[in-house]
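Asker: Can you keep this structure in mind? I'll have questions shortly.
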Amino acid sequence: MKRLNNLIVLILFAATSLSAQQMVLTLERTIEIAADSSLEAFRSKNMYLAGYWEYRTYKAGRLPSLTLNLTPAQYYRDITQRYDSNNDIDVYREQQSFYAGGQLEVAQNFDLLGGSFFLNSSLDYMRNFGDNTYTQYSTVPIRFGYSQSLLGYNAFRWQRKIEPLKYEKAKKELLFNRENISEQATTYFFELAMAQAEYDLAKENVASTDTLYRTGLQRHKIASISQADLLTLKLDAINAKNTLQNANIALKRAMFNLASYLSLDKNAEIRLRLPGRPHVMEISADEALMLAKENNPDFLELRQQILEAEQQVDKTKKEALMNASFRASIGFNQVSNKLKNAYRDPLQQDVVSLSVSIPLIDWGVRKGKYNVAKNNLSVTEISSRQTELSIEEDVIMTVGDFNIQQALIVSAEEALDLALMAYSETKQRFMIGKADINSLTLSLNRQQSAQRNYISALKNYWLSYFKIRKLTLHDFETGISLSSTFDYKQGL
């Protein structure tokens, strides 16, 4: 294990000093930067804010509203048709008038029945010009009323079911996207870690093959190795240099990808510190599945789609019968040619109206809309079930992969330790002539393969870990839901 730690230090901290543009990143720090500065994080926050303000708009619609409606000036000058009672004929006369008015109204939606209460007060002014010039003020000091549709379809009732669910989905999607960012950042992190390991191994291989080739030259002079073995050592040295060039290109590409994703300086030189062996943590597939059904925004999305489809069925079913609305109000009004008199001795004003529209022949249009809505509901329910099964399968498979990856890390770590010791001994034996070139090459390949397998095992473990967190929105280390510790106002 000591040799393993030494190798990790050798691979990931080869530079003894860092310039101003160099930085060392851990996996934890990489994820923190990604969650704060990446373009994906910025997009996720704005998607959540859109859902937040949509919910705020819905909540505001449940509160009383105060509205001032004004017509500051309205001027008429035209010729209109009038009836002349003296001569019993219609005549055209010039008309010229000025109008201004305003109304102040308080309205409150009534969710239980789907109607609206209103309380208002209005003042209107009219002046007529011409042969018969006069001025009038019309007032409604106060009027109270109620209006609603009599269809039986209550849009407010459906909003009370759907809007809170949509906002809860927006919150869960923000957390889901954050965990998705963690997963993506982990992918870029280990791609760079693998590229750096390949580059450092290639550098070490260049130095090692050069040393072995020079040693082979000395041994060839005393006929200790054949000409074929010497040529093989020279070929290995040349191939090692070519591999180093390719590894350098891959390293720069991986470093650029990570820096770009984290919105860092593209010229920054990044060195990584691999995470150590994680704590052993057994996750139950049944528990993960239960948490996913409670927290995963995809399940909330399915519930929202079904509710919206049911809403459309309810709406088209009741609209297929008839359209009917009711409006009633009680208040006072008065009219006078003087403003102060327009508020004296107001007369009672009562208004009750009922309107009905009954479709007699529409060639099945409304019935067709209702049947379409019913079929859409059936399709939505079937699709939701298919999606639900797919998500459940993803959760179960991811939990299984995660539990297996923990054992693979231990195995890969042990294999790397053994490969390091084997290569070190084979190299020493070759230097003193007790091992041939094939044994040395095989030992080196096994060491490099073990190093790659170890980094891959770490990568697969952390990707599985963050994917489980994403699917369940639950921190299994602390046993706490991610939404319970998240500050939605600060985005932290």
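Just remember, in the structure tokens the first chain shown is A, the second B, etc., residues are 1-based per chain, and ligands are 1-based in the order shown.
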May I have the residues within 10 Å of segment 312-329 of chain A as JSON, numbers by chain, using only C-alpha atoms and disregarding those fewer than 5 positions away in the same chain?

Answerer: {"A": [115, 116, 117, 118, 119, 143, 144, 145, 146, 147, 148, 149, 150, 151, 152, 153, 154, 155, 158, 306, 307, 349, 350, 351, 352, 353, 354, 355, 356, 357, 358, 359, 360, 364, 365, 366, 367, 368, 369, 370, 371, 372, 373, 374, 375, 376, 377]}

Asker: Would you please give, as a PyMOL selection string, all residues of segment 11-79 of chain A that DSSP assigns to strand (DSSP E or B) based on the backbone?

Answerer: chain A and resi 22-26+65-79

Asker: Using C-alpha atoms, can you write the selected residues to a file as a short mmCIF file (atom, residue, chain, number, x, y, z; two decimals), in the first residue's frame?

Answerer:
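Result file again12.cif:
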data_model
loop_
_atom_site.label_atom_id
_atom_site.label_comp_id
_atom_site.auth_asym_id
_atom_site.auth_seq_id
_atom_site.Cartn_x
_atom_site.Cartn_y
_atom_site.Cartn_z
CA GLN A 22 -1.34 26.28 -12.16
CA MET A 23 -3.75 24.80 -9.65
CA VAL A 24 -4.34 21.56 -7.81
CA LEU A 25 -7.92 20.30 -7.75
CA THR A 26 -9.55 17.58 -5.71
CA SER A 65 -56.50 42.44 -6.59
CA LEU A 66 -56.99 46.20 -6.75
CA THR A 67 -57.45 47.68 -10.21
CA LEU A 68 -57.98 51.23 -11.42
CA ASN A 69 -59.56 51.47 -14.87
CA LEU A 70 -59.49 54.92 -16.47
CA THR A 71 -60.73 56.56 -19.62
CA PRO A 72 -59.12 60.01 -19.23
CA ALA A 73 -60.58 61.47 -22.43
CA GLN A 74 -62.93 60.32 -25.18
CA TYR A 75 -64.14 62.82 -27.80
CA TYR A 76 -66.89 62.22 -30.39
CA ARG A 77 -67.79 64.36 -33.41
CA ASP A 78 -69.85 62.59 -36.02
CA ILE A 79 -73.21 62.44 -37.77
#

Asker: Please compute the atom CA of Arg273 of chain A-atom CA of Ser464 of chain A distance, one decimal, in Å.

Answerer: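 About the pair atom CA of Arg273 of chain A and atom CA of Ser464 of chain A: they are 19.6 Å apart.
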
Asker: Please identify which residues in segment 268-462 of chain A DSSP calls alpha helix (DSSP H) from the backbone, and express them as an MDAnalysis selection string.

Answerer: chainID A and resid 285:295 297:319 365:431 437:462

Asker: Can those selected residues be exported to a file as a short mmCIF file (atom, residue, chain, number, x, y, z; two decimals), in the first residue's frame so that it contains C-alpha atoms?

Answerer:
data_model
loop_
_atom_site.label_atom_id
_atom_site.label_comp_id
_atom_site.auth_asym_id
_atom_site.auth_seq_id
_atom_site.Cartn_x
_atom_site.Cartn_y
_atom_site.Cartn_z
CA ALA A 285 -32.26 -1.10 -3.89
CA ASP A 286 -35.70 -1.04 -2.26
CA GLU A 287 -34.80 2.05 -0.21
CA ALA A 288 -33.33 3.82 -3.24
CA LEU A 289 -36.45 3.00 -5.26
CA MET A 290 -38.74 4.36 -2.54
CA LEU A 291 -36.71 7.59 -2.31
CA ALA A 292 -36.69 7.98 -6.09
CA LYS A 293 -40.49 7.77 -6.22
CA GLU A 294 -40.71 10.46 -3.52
CA ASN A 295 -38.06 12.86 -4.83
CA PRO A 297 -38.55 15.11 -10.61
CA ASP A 298 -39.30 12.68 -13.44
CA PHE A 299 -41.94 11.00 -11.25
CA LEU A 300 -43.38 14.44 -10.44
CA GLU A 301 -43.42 15.22 -14.15
CA LEU A 302 -45.44 12.05 -14.80
CA ARG A 303 -47.95 13.02 -12.11
CA GLN A 304 -48.25 16.51 -13.60
CA GLN A 305 -48.86 15.13 -17.11
CA ILE A 306 -51.65 12.86 -15.86
CA LEU A 307 -53.29 15.70 -13.91
CA GLU A 308 -53.17 18.00 -16.92
CA ALA A 309 -54.67 15.28 -19.12
CA GLU A 310 -57.44 14.71 -16.53
CA GLN A 311 -58.04 18.46 -16.43
CA GLN A 312 -58.53 18.54 -20.19
CA VAL A 313 -60.98 15.62 -20.02
CA ASP A 314 -62.99 17.41 -17.31
CA LYS A 315 -63.01 20.64 -19.30
CA THR A 316 -64.07 19.17 -22.65
CA LYS A 317 -66.70 16.93 -21.03
CA LYS A 318 -68.49 19.85 -19.34
CA GLU A 319 -68.10 22.21 -22.28
CA VAL A 365 -67.06 18.96 -32.78
CA ARG A 366 -67.42 19.06 -28.98
CA LYS A 367 -67.88 15.33 -28.68
CA GLY A 368 -64.76 14.86 -30.79
CA LYS A 369 -62.73 17.12 -28.50
CA TYR A 370 -63.92 15.13 -25.50
CA ASN A 371 -62.96 11.81 -27.10
CA VAL A 372 -59.55 13.20 -28.08
CA ALA A 373 -58.98 14.31 -24.48
CA LYS A 374 -59.96 10.86 -23.18
CA ASN A 375 -57.62 9.11 -25.62
CA ASN A 376 -54.81 11.50 -24.73
CA LEU A 377 -55.34 10.65 -21.06
CA SER A 378 -55.05 6.93 -21.82
CA VAL A 379 -51.88 7.48 -23.86
CA THR A 380 -50.42 9.63 -21.08
CA GLU A 381 -51.15 6.97 -18.45
CA ILE A 382 -49.54 4.23 -20.54
CA SER A 383 -46.50 6.35 -21.39
CA SER A 384 -46.14 7.35 -17.75
CA ARG A 385 -46.14 3.72 -16.69
CA GLN A 386 -43.48 2.86 -19.27
CA THR A 387 -41.32 5.78 -18.15
CA GLU A 388 -41.83 4.82 -14.51
CA LEU A 389 -40.63 1.26 -15.19
CA SER A 390 -37.59 2.61 -17.05
CA ILE A 391 -36.66 4.87 -14.13
CA GLU A 392 -37.14 2.04 -11.64
CA GLU A 393 -34.86 -0.19 -13.72
CA ASP A 394 -32.24 2.58 -13.89
CA VAL A 395 -32.32 2.99 -10.10
CA ILE A 396 -31.99 -0.74 -9.43
CA MET A 397 -29.15 -1.21 -11.93
CA THR A 398 -27.27 1.84 -10.65
CA VAL A 399 -27.50 0.66 -7.04
CA GLY A 400 -26.21 -2.76 -8.11
CA ASP A 401 -23.31 -1.18 -10.01
CA PHE A 402 -22.46 1.01 -7.04
CA ASN A 403 -22.31 -1.88 -4.59
CA ILE A 404 -20.10 -3.87 -6.99
CA GLN A 405 -17.77 -0.92 -7.65
CA GLN A 406 -16.79 -0.76 -3.97
CA ALA A 407 -15.38 -4.29 -4.16
CA LEU A 408 -13.71 -3.55 -7.50
CA ILE A 409 -11.82 -0.60 -6.02
CA VAL A 410 -10.33 -2.82 -3.31
CA SER A 411 -9.38 -5.41 -5.92
CA ALA A 412 -7.91 -2.80 -8.31
CA GLU A 413 -5.92 -1.25 -5.48
CA GLU A 414 -4.46 -4.62 -4.49
CA ALA A 415 -3.68 -5.46 -8.14
CA LEU A 416 -1.86 -2.14 -8.58
CA ASP A 417 0.22 -2.73 -5.46
CA LEU A 418 1.24 -6.19 -6.70
CA ALA A 419 1.97 -4.91 -10.22
CA LEU A 420 4.29 -2.21 -8.84
CA MET A 421 6.24 -4.72 -6.78
CA ALA A 422 6.45 -7.19 -9.68
CA TYR A 423 7.73 -4.56 -12.11
CA SER A 424 10.29 -3.28 -9.64
CA GLU A 425 11.68 -6.80 -9.05
CA THR A 426 11.65 -7.71 -12.77
CA LYS A 427 13.46 -4.49 -13.63
CA GLN A 428 16.16 -5.18 -11.03
CA ARG A 429 16.53 -8.77 -12.27
CA PHE A 430 16.85 -7.54 -15.86
CA MET A 431 19.56 -5.07 -14.86
CA ILE A 437 13.26 -8.54 -22.30
CA ASN A 438 9.90 -10.28 -22.71
CA SER A 439 9.45 -10.63 -18.96
CA LEU A 440 10.34 -6.98 -18.46
CA THR A 441 7.92 -5.78 -21.16
CA LEU A 442 5.12 -7.95 -19.81
CA SER A 443 5.68 -6.67 -16.28
CA LEU A 444 5.65 -3.04 -17.44
CA ASN A 445 2.41 -3.56 -19.37
CA ARG A 446 0.79 -5.14 -16.32
CA GLN A 447 1.83 -2.21 -14.14
CA GLN A 448 0.39 0.34 -16.57
CA SER A 449 -2.80 -1.68 -17.01
CA ALA A 450 -3.21 -1.91 -13.22
CA GLN A 451 -2.82 1.86 -12.93
CA ARG A 452 -5.49 2.45 -15.57
CA ASN A 453 -7.83 -0.07 -13.95
CA TYR A 454 -7.44 1.62 -10.58
CA ILE A 455 -8.36 5.07 -11.93
CA SER A 456 -11.24 3.55 -13.92
CA ALA A 457 -12.54 1.82 -10.77
CA LEU A 458 -12.48 5.13 -8.88
CA LYS A 459 -14.22 6.86 -11.76
CA ASN A 460 -16.97 4.24 -12.03
CA TYR A 461 -17.54 4.30 -8.27
CA TRP A 462 -17.99 8.07 -8.05
#

Asker: A:Thr478, A:Gln108, A:Thr472, A:Asn333: which is nearest Asn296 of chain A, counting only C-alpha atoms?

Answerer: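 Smallest distance to Asn296 of chain A is found for A:Thr472.
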
Asker: Which residue gives the smallest distance to Phe156 of chain A among A:Val140, A:Arg62, A:Asn120, A:Ala228, with only C-alpha atoms counted?

Answerer: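 Among the listed residues, A:Arg62 lies closest to Phe156 of chain A.
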
Asker: Using only C-alpha atoms, which residues sit within 8 Å of Arg82 of chain A once same-chain residues fewer than 2 positions away are excluded, as a VMD selection string?

Answerer: chain A and resid 80 84 90 to 93
